>>> print(open('query_17.txt').read())   # compact mmCIF, C-alpha atoms and all ligand atoms
# COMPACT_ATOMS: atom_id res chain seq x y z
CA MET N 207 -11.89 6.42 -16.89
CA ILE N 208 -9.19 7.96 -14.71
CA GLU N 209 -5.64 6.63 -14.71
CA VAL N 210 -2.93 8.02 -12.46
CA ARG N 211 0.62 6.65 -12.62
CA ASP N 212 3.51 7.58 -10.34
CA LEU N 213 2.22 11.09 -9.90
CA THR N 214 4.46 13.34 -7.84
CA LYS N 215 4.08 16.98 -6.94
CA LYS N 216 6.71 18.98 -5.12
CA TYR N 217 6.30 22.49 -3.84
CA GLY N 218 9.96 23.46 -3.59
CA ASP N 219 11.43 20.84 -1.27
CA ARG N 220 8.08 19.76 0.10
CA VAL N 221 6.71 16.60 -1.47
CA ALA N 222 2.93 17.02 -1.41
CA VAL N 223 2.10 13.99 -3.56
CA ASP N 224 4.59 11.17 -3.59
CA SER N 225 4.46 8.82 -6.56
CA ILE N 226 0.82 7.79 -6.31
CA SER N 227 -0.91 5.46 -8.75
CA PHE N 228 -4.58 4.56 -8.94
CA SER N 229 -7.37 4.17 -11.42
CA VAL N 230 -11.08 4.80 -11.32
CA LYS N 231 -13.51 2.86 -13.46
CA GLN N 232 -16.36 4.41 -15.34
CA GLY N 233 -19.39 4.86 -13.10
CA GLU N 234 -17.41 4.33 -9.92
CA ILE N 235 -17.62 6.60 -6.87
CA LEU N 236 -14.26 6.93 -5.22
CA GLY N 237 -13.78 8.47 -1.78
CA PHE N 238 -10.52 10.24 -1.16
CA LEU N 239 -9.63 10.26 2.49
CA GLY N 240 -6.71 11.69 4.40
CA GLN N 241 -5.69 14.03 7.16
CA ASN N 242 -5.12 17.73 6.62
CA GLY N 243 -2.17 18.22 4.30
CA ALA N 244 -2.25 14.63 3.01
CA GLY N 245 -2.27 15.74 -0.63
CA LYS N 246 -5.92 15.33 -1.63
CA THR N 247 -6.46 18.81 -3.01
CA THR N 248 -3.12 18.77 -4.80
CA THR N 249 -4.02 15.51 -6.58
CA MET N 250 -7.42 16.89 -7.56
CA LYS N 251 -5.92 20.09 -8.90
CA ILE N 252 -3.59 18.08 -11.12
CA LEU N 253 -6.43 15.87 -12.39
CA THR N 254 -8.48 18.94 -13.26
CA CYS N 255 -5.55 20.60 -15.05
CA PHE N 256 -5.35 23.45 -12.57
CA MET N 257 -1.80 22.59 -11.71
CA SER N 258 1.06 20.73 -13.32
CA ALA N 259 2.74 17.73 -11.72
CA SER N 260 6.45 17.39 -11.03
CA SER N 261 6.49 13.93 -12.59
CA GLY N 262 4.24 11.02 -13.51
CA THR N 263 1.17 10.82 -15.72
CA ALA N 264 -2.57 11.21 -15.37
CA SER N 265 -5.35 10.78 -17.86
CA VAL N 266 -9.09 11.29 -17.89
CA ALA N 267 -11.29 9.49 -20.41
CA GLY N 268 -8.19 8.58 -22.39
CA PHE N 269 -6.85 12.15 -22.57
CA ASP N 270 -3.58 13.03 -20.90
CA VAL N 271 -4.09 15.95 -18.50
CA PHE N 272 -0.80 17.53 -19.49
CA GLU N 273 -1.07 17.07 -23.24
CA HIS N 274 -4.80 17.62 -23.77
CA PRO N 275 -6.02 19.87 -20.95
CA PHE N 276 -8.88 21.31 -23.02
CA GLU N 277 -10.34 17.89 -23.75
CA VAL N 278 -9.97 16.89 -20.12
CA LYS N 279 -11.60 20.08 -18.83
CA LYS N 280 -14.61 19.45 -21.08
CA LYS N 281 -15.15 16.03 -19.52
CA ILE N 282 -14.79 17.19 -15.94
CA GLY N 283 -16.95 19.06 -13.48
CA TYR N 284 -14.85 20.38 -10.60
CA LEU N 285 -15.88 21.74 -7.26
CA PRO N 286 -12.73 23.16 -5.64
CA GLU N 287 -12.23 23.45 -1.87
CA THR N 288 -13.52 27.01 -2.03
CA PRO N 289 -16.50 27.29 -4.40
CA PRO N 290 -15.44 29.41 -7.40
CA VAL N 291 -18.42 31.73 -7.19
CA TYR N 292 -18.61 35.48 -7.78
CA PRO N 293 -20.23 37.26 -4.84
CA GLU N 294 -21.33 40.23 -6.96
CA LEU N 295 -23.45 38.09 -9.31
CA LEU N 296 -26.95 36.75 -8.85
CA VAL N 297 -27.15 32.94 -8.77
CA GLU N 298 -28.81 32.87 -12.17
CA GLU N 299 -26.37 35.34 -13.70
CA TYR N 300 -23.50 33.24 -12.45
CA LEU N 301 -24.89 29.97 -13.82
CA SER N 302 -25.58 31.69 -17.13
CA PHE N 303 -21.97 32.89 -17.18
CA VAL N 304 -20.68 29.37 -16.43
CA SER N 305 -22.93 27.92 -19.17
CA ASP N 306 -21.36 30.32 -21.67
CA LEU N 307 -17.87 29.41 -20.49
CA ARG N 308 -18.77 25.76 -20.96
CA GLY N 309 -19.99 26.48 -24.49
CA ILE N 310 -23.53 25.30 -23.87
CA PRO N 311 -25.65 26.21 -26.94
CA ARG N 312 -28.14 29.06 -26.37
CA ASP N 313 -31.20 26.90 -27.00
CA GLN N 314 -30.15 24.39 -24.32
CA LYS N 315 -29.01 26.87 -21.71
CA ARG N 316 -32.35 27.46 -20.00
CA LYS N 317 -33.02 23.73 -19.71
CA LYS N 318 -29.58 22.95 -18.30
CA MET N 319 -29.80 25.80 -15.81
CA ASP N 320 -33.23 24.74 -14.61
CA ALA N 321 -31.99 21.17 -14.25
CA VAL N 322 -29.08 22.10 -11.94
CA LEU N 323 -31.15 24.63 -9.99
CA GLU N 324 -33.55 21.80 -9.28
CA ARG N 325 -30.92 19.14 -8.67
CA CYS N 326 -28.94 21.25 -6.22
CA GLN N 327 -32.12 22.68 -4.68
CA ILE N 328 -31.25 26.30 -5.19
CA GLY N 329 -34.28 27.31 -7.24
CA ASP N 330 -35.54 29.45 -4.38
CA VAL N 331 -32.38 31.58 -4.35
CA ARG N 332 -31.95 31.91 -8.11
CA GLY N 333 -32.54 35.67 -7.99
CA ARG N 334 -30.30 36.36 -5.00
CA LEU N 335 -26.84 37.81 -4.83
CA ILE N 336 -24.30 35.04 -4.23
CA GLY N 337 -22.36 37.16 -1.73
CA ASN N 338 -25.43 37.25 0.51
CA LEU N 339 -26.02 33.50 0.53
CA SER N 340 -25.17 31.28 3.48
CA LYS N 341 -22.11 29.05 3.26
CA GLY N 342 -24.13 25.93 2.53
CA TYR N 343 -26.02 27.61 -0.30
CA LYS N 344 -22.77 28.93 -1.80
CA GLN N 345 -21.50 25.36 -1.70
CA ARG N 346 -24.60 24.18 -3.55
CA VAL N 347 -24.15 26.88 -6.19
CA GLY N 348 -20.59 25.59 -6.53
CA LEU N 349 -21.93 22.10 -7.07
CA ALA N 350 -24.42 23.40 -9.66
CA GLN N 351 -21.51 25.02 -11.51
CA ALA N 352 -19.71 21.66 -11.59
CA LEU N 353 -22.77 19.85 -12.99
CA ILE N 354 -24.09 22.30 -15.55
CA HIS N 355 -22.48 20.74 -18.61
CA ASP N 356 -23.38 17.15 -17.64
CA PRO N 357 -19.77 16.07 -17.18
CA GLU N 358 -18.78 12.42 -17.36
CA VAL N 359 -16.38 12.90 -14.47
CA LEU N 360 -16.98 14.85 -11.28
CA ILE N 361 -14.19 15.89 -8.97
CA LEU N 362 -15.45 17.27 -5.71
CA ASP N 363 -13.12 18.61 -3.04
CA GLU N 364 -14.90 18.27 0.30
CA PRO N 365 -18.36 18.95 -1.14
CA THR N 366 -20.17 18.58 2.18
CA VAL N 367 -18.10 21.04 4.20
CA GLY N 368 -20.28 23.77 5.63
CA LEU N 369 -23.55 22.00 4.95
CA ASP N 370 -26.08 21.39 7.69
CA PRO N 371 -27.01 17.76 8.43
CA LYS N 372 -30.05 17.83 6.17
CA GLN N 373 -28.02 19.29 3.31
CA VAL N 374 -25.24 16.75 3.91
CA SER N 375 -27.74 13.97 3.53
CA GLU N 376 -29.13 15.60 0.36
CA ALA N 377 -25.65 16.07 -1.09
CA ARG N 378 -24.88 12.41 -0.36
CA ASN N 379 -28.03 11.34 -2.12
CA LEU N 380 -27.16 13.53 -5.06
CA ILE N 381 -23.74 11.89 -5.31
CA LYS N 382 -25.19 8.42 -4.84
CA ALA N 383 -27.70 9.05 -7.60
CA MET N 384 -24.79 9.56 -9.98
CA ARG N 385 -23.52 6.05 -9.47
CA SER N 386 -22.94 4.30 -12.79
CA GLU N 387 -24.03 7.45 -14.62
CA ARG N 388 -20.88 9.45 -13.89
CA THR N 389 -17.47 8.79 -12.48
CA VAL N 390 -16.94 10.63 -9.21
CA ILE N 391 -13.94 11.32 -7.02
CA TYR N 392 -14.58 13.20 -3.87
CA SER N 393 -12.60 14.01 -0.81
CA THR N 394 -13.91 14.20 2.70
CA HIS N 395 -12.84 13.84 6.31
CA ILE N 396 -16.11 12.22 7.27
CA LEU N 397 -15.63 8.49 7.40
CA SER N 398 -19.26 7.55 7.66
CA GLU N 399 -19.84 9.53 4.51
CA VAL N 400 -17.54 7.40 2.38
CA ALA N 401 -19.07 4.27 3.85
CA ALA N 402 -22.51 5.53 2.89
CA THR N 403 -21.78 6.75 -0.62
CA CYS N 404 -18.61 5.32 -2.12
CA ASP N 405 -17.81 2.11 -3.94
CA ARG N 406 -14.20 2.35 -2.99
CA ILE N 407 -11.88 4.46 -0.88
CA ILE N 408 -8.31 5.56 -1.21
CA ILE N 409 -6.58 6.65 1.96
CA ILE N 410 -3.71 9.02 1.45
CA ASP N 411 -1.23 9.98 4.14
CA ARG N 412 1.59 12.45 3.68
CA GLY N 413 1.39 12.19 -0.08
CA LYS N 414 1.36 8.40 -0.25
CA ILE N 415 -1.51 5.98 -0.75
CA VAL N 416 -1.70 3.80 2.35
CA ALA N 417 -4.82 1.83 1.39
CA GLN N 418 -7.16 1.23 -1.50
CA GLU N 419 -10.17 -0.82 -0.58
CA ALA N 420 -13.61 -1.65 -1.77
CA ILE N 421 -16.02 -0.58 0.95
CA THR N 422 -17.43 -4.08 1.16
CA SER N 423 -14.06 -5.61 2.03
CA LEU N 424 -13.45 -3.39 5.02
CA GLY N 425 -14.74 -5.99 7.47
CA VAL N 426 -11.54 -7.99 7.19
CA THR N 427 -8.55 -5.78 6.79
CA GLY N 428 -4.89 -6.43 6.54
CA ALA N 429 -3.73 -9.50 8.35
CA THR N 430 -6.08 -9.33 11.32
CA THR N 431 -9.74 -9.69 11.90
CA LYS N 432 -12.06 -9.56 14.88
CA THR N 433 -14.50 -12.29 15.70
CA GLU N 434 -17.37 -12.24 18.14
CA ILE N 435 -17.82 -15.43 20.10
CA VAL N 436 -20.93 -16.14 22.14
CA VAL N 437 -21.00 -19.15 24.47
CA GLN N 438 -23.35 -20.67 27.01
CA ARG N 439 -20.76 -20.89 29.76
CA MET N 440 -17.85 -18.49 30.07
CA ASP N 441 -14.89 -18.77 32.46
CA ASP N 442 -11.14 -18.18 32.64
CA ALA N 443 -10.45 -21.60 31.13
CA VAL N 444 -12.27 -20.60 27.92
CA VAL N 445 -10.38 -17.32 27.73
CA ASN N 446 -7.05 -19.03 28.35
CA ALA N 447 -7.78 -21.70 25.75
CA LEU N 448 -8.47 -18.95 23.21
CA LYS N 449 -5.34 -17.05 24.16
CA GLY N 450 -3.38 -20.26 23.61
CA VAL N 451 -4.49 -20.60 19.98
CA ARG N 452 -1.73 -19.84 17.52
CA GLY N 453 -2.57 -16.75 15.50
CA VAL N 454 -4.75 -15.18 18.21
CA LYS N 455 -3.45 -11.72 19.02
CA SER N 456 -5.79 -10.66 21.78
CA VAL N 457 -8.89 -11.71 23.64
CA GLN N 458 -10.92 -8.84 25.00
CA PRO N 459 -11.49 -9.20 28.73
CA PHE N 460 -15.00 -10.13 29.65
CA GLU N 461 -17.05 -9.09 32.61
CA ASN N 462 -18.48 -11.67 34.96
CA GLY N 463 -21.73 -12.99 33.62
CA ASN N 464 -20.92 -11.83 30.11
CA LYS N 465 -21.01 -14.67 27.62
CA ARG N 466 -19.61 -12.74 24.72
CA LEU N 467 -15.97 -12.31 23.73
CA ILE N 468 -14.15 -10.46 20.98
CA VAL N 469 -11.08 -12.24 19.66
CA GLU N 470 -8.58 -10.51 17.43
CA SER N 471 -6.58 -12.91 15.31
CA GLU N 472 -5.01 -13.60 11.97
CA SER N 473 -7.76 -13.93 9.44
CA SER N 474 -6.79 -17.30 7.96
CA GLU N 475 -9.28 -20.17 7.86
CA ALA N 476 -6.91 -22.40 9.86
CA VAL N 477 -6.85 -19.93 12.74
CA MET N 478 -10.66 -19.58 12.65
CA SER N 479 -11.01 -23.34 12.80
CA ASP N 480 -8.60 -23.57 15.76
CA ILE N 481 -10.54 -20.87 17.59
CA SER N 482 -13.81 -22.76 17.25
CA GLN N 483 -12.12 -25.99 18.35
CA ALA N 484 -10.66 -24.29 21.43
CA VAL N 485 -14.14 -23.21 22.51
CA VAL N 486 -15.70 -26.57 21.74
CA GLY N 487 -12.82 -28.33 23.55
CA GLN N 488 -13.75 -26.42 26.70
CA LYS N 489 -17.36 -27.63 26.34
CA ALA N 490 -18.37 -23.97 26.64
CA GLY N 491 -21.43 -24.42 24.43
CA LEU N 492 -20.57 -22.38 21.34
CA ILE N 493 -23.66 -20.47 20.27
CA ARG N 494 -22.28 -18.03 17.74
CA MET N 495 -19.03 -17.13 16.06
CA SER N 496 -19.20 -14.21 13.66
CA PRO N 497 -16.90 -11.59 12.16
CA VAL N 498 -17.09 -8.10 13.63
CA GLN N 499 -17.30 -5.37 11.05
CA LEU N 500 -14.22 -3.34 11.77
CA ALA N 501 -15.43 0.22 11.95
CA LEU N 502 -14.05 2.37 9.21
CA GLU N 503 -12.79 4.87 11.72
CA GLU N 504 -10.86 2.25 13.63
CA TYR N 505 -9.41 0.95 10.41
CA TYR N 506 -8.40 4.40 9.28
CA LEU N 507 -6.74 5.31 12.57
CA ASP N 508 -4.95 1.96 12.62
CA LEU N 509 -3.49 2.67 9.23
CA ILE N 510 -2.31 6.15 10.06
CA ARG N 511 -0.96 4.92 13.40
CA GLY N 512 0.84 2.06 11.68
CA LYS N 513 2.47 4.48 9.30
CA ARG N 514 3.47 6.98 11.91
CA GLY N 515 4.34 4.65 14.72
CA GLU N 516 2.64 6.95 17.19
CA VAL N 517 -0.63 8.81 17.96
N1 LIG K 601 0.78 26.26 -3.05
C1 LIG K 601 1.46 25.55 -2.16
N2 LIG K 601 2.74 25.85 -1.84
C2 LIG K 601 3.43 25.12 -0.96
N3 LIG K 601 2.97 24.02 -0.31
C3 LIG K 601 1.70 23.68 -0.58
C4 LIG K 601 0.88 24.41 -1.50
N4 LIG K 601 -0.33 23.82 -1.57
C5 LIG K 601 -0.27 22.75 -0.73
N5 LIG K 601 0.94 22.67 -0.13
C6 LIG K 601 1.38 21.60 0.80
O1 LIG K 601 1.18 20.35 0.19
C7 LIG K 601 0.71 19.40 1.12
C8 LIG K 601 -0.59 18.79 0.63
O2 LIG K 601 -1.60 19.77 0.63
P1 LIG K 601 -3.08 19.53 0.12
O3 LIG K 601 -3.79 20.84 0.11
O4 LIG K 601 -3.04 18.77 -1.14
O5 LIG K 601 -3.66 18.60 1.27
P2 LIG K 601 -5.15 18.10 1.57
O6 LIG K 601 -5.06 16.63 1.70
O7 LIG K 601 -6.08 18.65 0.55
O8 LIG K 601 -5.44 18.72 3.00
P3 LIG K 601 -6.82 19.30 3.63
O9 LIG K 601 -7.53 18.12 4.19
O10 LIG K 601 -6.33 20.21 4.71
O11 LIG K 601 -7.58 20.01 2.55
C9 LIG K 601 0.62 20.11 2.44
O12 LIG K 601 1.79 19.84 3.16
C10 LIG K 601 0.55 21.57 2.07
O13 LIG K 601 1.13 22.38 3.07
MG MG K 602 -7.69 19.84 0.66
>>> encode(input="query_17.txt", output="structure tokens", more="lines below")
Ligand SMILES: Nc1ncnc2c1ncn2[C@@H]1O[C@H](COP(=O)(O)OP(=O)(O)OP(=O)(O)O)[C@@H](O)[C@H]1O
Ligand SMILES: [Mg+2]
Amino acid sequence: MIEVRDLTKKYGDRVAVDSISFSVKQGEILGFLGQNGAGKTTTMKILTCFMSASSGTASVAGFDVFEHPFEVKKKIGYLPETPPVYPELLVEEYLSFVSDLRGIPRDQKRKKMDAVLERCQIGDVRGRLIGNLSKGYKQRVGLAQALIHDPEVLILDEPTVGLDPKQVSEARNLIKAMRSERTVIYSTHILSEVAATCDRIIIIDRGKIVAQEAITSLGVTGATTKTEIVVQRMDDAVVNALKGVRGVKSVQPFENGNKRLIVESESSEAVMSDISQAVVGQKAGLIRMSPVQLALEEYYLDLIRGKRGEV
């Protein structure tokens, strides 16, 4: 549904997006993660035809964003970083204006407007001036604007910023409900949010993609994995035996009386097998050996750290 190839954007000498390539399948929800200034907004602006690229190609639903911007804009609903709302209009006036811009036929307008008012839970403020609404409500009006024409593709730039926890949860549910119905790309800084809503994440750092992963594969990342080992009898001999296994990178120190260890190692089957043998060889009474889900946050920081060689 979305294809991006070697996309680069320079602002003068500054490279904001550096030759990135990715694709998004129909019905997929993609989380776009990265620190401030990573290039998320720039990429989204190019995909939504708000900005040209310096080089590379991008297409949405088979239409090139540079050659067929009108076709692309029809397919896309876009919520920019700052909601594109007019403070001097009432919510309903604004949505009516957006419907006209989107070319929604007169006889369907009322129905479409009611549907987004309901979906974004802004029915109760439909008659209020946008300028007087709270930040979270303005954000929801922005979301309604992006949804009004039932777009196949939604591009949302930090849609949950400024929402209170209840609204965040509602916005997440709204996005989740679109799974398989629409294709969604959205950016956020909140790691738990991508874990909860996305099928896949792309992590971007200083204009480059540093990881593309399915959420389900985040337990084992890169070359290392963490394994929890629970034994009946723990002592220094067990720890030393584990440290001696080839491929083991670290064994977390254990407190006296604690019969649980975390071992970080290469993730190959051979190393796993050697780890279990080392424990069994010590007659420690192996009770459990299971992979530790590497927290998304840890994974993310590891990646950025790896790239920067600091932090
Ligand atoms: N109009 C512009 N002129 C010059 N540089 C710009 C412009 N817009 C963005 N940049 C630079 O491009 C880089 C990427 O910015 P971008 O807004 O895409 O990042 P982002 O990932 O969306 O960050 P944030 O999380 O803060 O929203 C940054 O270094 C930024 O300073
Ligand atoms: Mg941004």
>>> closest_atom_pairs(input="query_17.txt", of="chain N", to="ligand MG 602 (chain K)", cutoff="10 Å", atoms="all atoms listed in the file", output="JSON lines")
{"residue": "N:Leu239", "atom": "CA", "partner": "K:MG602", "partner_atom": "MG", "distance": 9.9}
{"residue": "N:Gly240", "atom": "CA", "partner": "K:MG602", "partner_atom": "MG", "distance": 9.0}
{"residue": "N:Gln241", "atom": "CA", "partner": "K:MG602", "partner_atom": "MG", "distance": 8.9}
{"residue": "N:Asn242", "atom": "CA", "partner": "K:MG602", "partner_atom": "MG", "distance": 6.8}
{"residue": "N:Gly243", "atom": "CA", "partner": "K:MG602", "partner_atom": "MG", "distance": 6.8}
{"residue": "N:Ala244", "atom": "CA", "partner": "K:MG602", "partner_atom": "MG", "distance": 7.9}
{"residue": "N:Gly245", "atom": "CA", "partner": "K:MG602", "partner_atom": "MG", "distance": 6.9}
{"residue": "N:Lys246", "atom": "CA", "partner": "K:MG602", "partner_atom": "MG", "distance": 5.4}
{"residue": "N:Thr247", "atom": "CA", "partner": "K:MG602", "partner_atom": "MG", "distance": 4.0}
{"residue": "N:Thr248", "atom": "CA", "partner": "K:MG602", "partner_atom": "MG", "distance": 7.2}
{"residue": "N:Thr249", "atom": "CA", "partner": "K:MG602", "partner_atom": "MG", "distance": 9.2}
{"residue": "N:Met250", "atom": "CA", "partner": "K:MG602", "partner_atom": "MG", "distance": 8.7}
{"residue": "N:Lys251", "atom": "CA", "partner": "K:MG602", "partner_atom": "MG", "distance": 9.7}
{"residue": "N:Pro286", "atom": "CA", "partner": "K:MG602", "partner_atom": "MG", "distance": 8.7}
{"residue": "N:Glu287", "atom": "CA", "partner": "K:MG602", "partner_atom": "MG", "distance": 6.3}
{"residue": "N:Thr288", "atom": "CA", "partner": "K:MG602", "partner_atom": "MG", "distance": 9.6}
{"residue": "N:Asp363", "atom": "CA", "partner": "K:MG602", "partner_atom": "MG", "distance": 6.7}
{"residue": "N:Glu364", "atom": "CA", "partner": "K:MG602", "partner_atom": "MG", "distance": 7.4}
{"residue": "N:Ser393", "atom": "CA", "partner": "K:MG602", "partner_atom": "MG", "distance": 7.8}
{"residue": "N:Thr394", "atom": "CA", "partner": "K:MG602", "partner_atom": "MG", "distance": 8.6}
{"residue": "N:His395", "atom": "CA", "partner": "K:MG602", "partner_atom": "MG", "distance": 9.7}
>>> residues_around(input="query_17.txt", residues="Lys382 in chain N", least_positions_apart="5", cutoff="9 Å", atoms="only C-alpha atoms", output="PyMOL selection string")
chain N and resi 235+377+402-404
>>> axis_aligned_box(input="query_17.txt", around="ligand LIG 601 (chain K)", padding_each_side="5 Å", output="lines of an AutoDock Vina configuration file")
center_x = -2.1
center_y = 21.4
center_z = 0.8
size_x = 21.0
size_y = 19.6
size_z = 17.8
>>> closest_residue(input="query_17.txt", among="N:Gly413, N:Gly237, N:Gly450, N:Pro371", to="ligand LIG 601 (chain K)", atoms="all atoms listed in the file")
N:Gly413
>>> atom_distance(input="query_17.txt", atom1="CA of Glu358 in chain N", atom2="CA of Arg308 in chain N")
13.8 Å
>>> residues_near_point(input="query_17.txt", point="(-17.5, -26.5, 24.5)", cutoff="12 Å", atoms="all atoms listed in the file", output="number ranges by chain")
N: 435-441, 443-444, 447-448, 481-494
>>> write_last_selection(input="query_17.txt", atoms="C-alpha atoms", output="PDB file, in the coordinates of the input")
ATOM      1  CA  ILE N 435     -17.820 -15.430  20.100  1.00  0.00           C
ATOM      2  CA  VAL N 436     -20.930 -16.140  22.140  1.00  0.00           C
ATOM      3  CA  VAL N 437     -21.000 -19.150  24.470  1.00  0.00           C
ATOM      4  CA  GLN N 438     -23.350 -20.670  27.010  1.00  0.00           C
ATOM      5  CA  ARG N 439     -20.760 -20.890  29.760  1.00  0.00           C
ATOM      6  CA  MET N 440     -17.850 -18.490  30.070  1.00  0.00           C
ATOM      7  CA  ASP N 441     -14.890 -18.770  32.460  1.00  0.00           C
ATOM      8  CA  ALA N 443     -10.450 -21.600  31.130  1.00  0.00           C
ATOM      9  CA  VAL N 444     -12.270 -20.600  27.920  1.00  0.00           C
ATOM     10  CA  ALA N 447      -7.780 -21.700  25.750  1.00  0.00           C
ATOM     11  CA  LEU N 448      -8.470 -18.950  23.210  1.00  0.00           C
ATOM     12  CA  ILE N 481     -10.540 -20.870  17.590  1.00  0.00           C
ATOM     13  CA  SER N 482     -13.810 -22.760  17.250  1.00  0.00           C
ATOM     14  CA  GLN N 483     -12.120 -25.990  18.350  1.00  0.00           C
ATOM     15  CA  ALA N 484     -10.660 -24.290  21.430  1.00  0.00           C
ATOM     16  CA  VAL N 485     -14.140 -23.210  22.510  1.00  0.00           C
ATOM     17  CA  VAL N 486     -15.700 -26.570  21.740  1.00  0.00           C
ATOM     18  CA  GLY N 487     -12.820 -28.330  23.550  1.00  0.00           C
ATOM     19  CA  GLN N 488     -13.750 -26.420  26.700  1.00  0.00           C
ATOM     20  CA  LYS N 489     -17.360 -27.630  26.340  1.00  0.00           C
ATOM     21  CA  ALA N 490     -18.370 -23.970  26.640  1.00  0.00           C
ATOM     22  CA  GLY N 491     -21.430 -24.420  24.430  1.00  0.00           C
ATOM     23  CA  LEU N 492     -20.570 -22.380  21.340  1.00  0.00           C
ATOM     24  CA  ILE N 493     -23.660 -20.470  20.270  1.00  0.00           C
ATOM     25  CA  ARG N 494     -22.280 -18.030  17.740  1.00  0.00           C
TER      26      ARG N 494
END
>>> residues_around(input="query_17.txt", residues="Gly329 in chain N", least_positions_apart="2", cutoff="12 Å", atoms="only C-alpha atoms", output="PyMOL selection string")
chain N and resi 297-298+301+319-327+331-334+343+346-347+350
>>> write_last_selection(input="query_17.txt", atoms="C-alpha atoms", output="JSON list (two decimals), in the frame of the given file")
[["chain", "number", "residue", "atom", "x", "y", "z"],
["N", 297, "VAL", "CA", -27.15, 32.94, -8.77],
["N", 298, "GLU", "CA", -28.81, 32.87, -12.17],
["N", 301, "LEU", "CA", -24.89, 29.97, -13.82],
["N", 319, "MET", "CA", -29.80, 25.80, -15.81],
["N", 320, "ASP", "CA", -33.23, 24.74, -14.61],
["N", 321, "ALA", "CA", -31.99, 21.17, -14.25],
["N", 322, "VAL", "CA", -29.08, 22.10, -11.94],
["N", 323, "LEU", "CA", -31.15, 24.63, -9.99],
["N", 324, "GLU", "CA", -33.55, 21.80, -9.28],
["N", 325, "ARG", "CA", -30.92, 19.14, -8.67],
["N", 326, "CYS", "CA", -28.94, 21.25, -6.22],
["N", 327, "GLN", "CA", -32.12, 22.68, -4.68],
["N", 331, "VAL", "CA", -32.38, 31.58, -4.35],
["N", 332, "ARG", "CA", -31.95, 31.91, -8.11],
["N", 333, "GLY", "CA", -32.54, 35.67, -7.99],
["N", 334, "ARG", "CA", -30.30, 36.36, -5.00],
["N", 343, "TYR", "CA", -26.02, 27.61, -0.30],
["N", 346, "ARG", "CA", -24.60, 24.18, -3.55],
["N", 347, "VAL", "CA", -24.15, 26.88, -6.19],
["N", 350, "ALA", "CA", -24.42, 23.40, -9.66]]
>>> atom_distance(input="query_17.txt", atom1="atom O3 of ligand LIG 601 (chain K)", atom2="CA of Asp356 in chain N")
26.7 Å
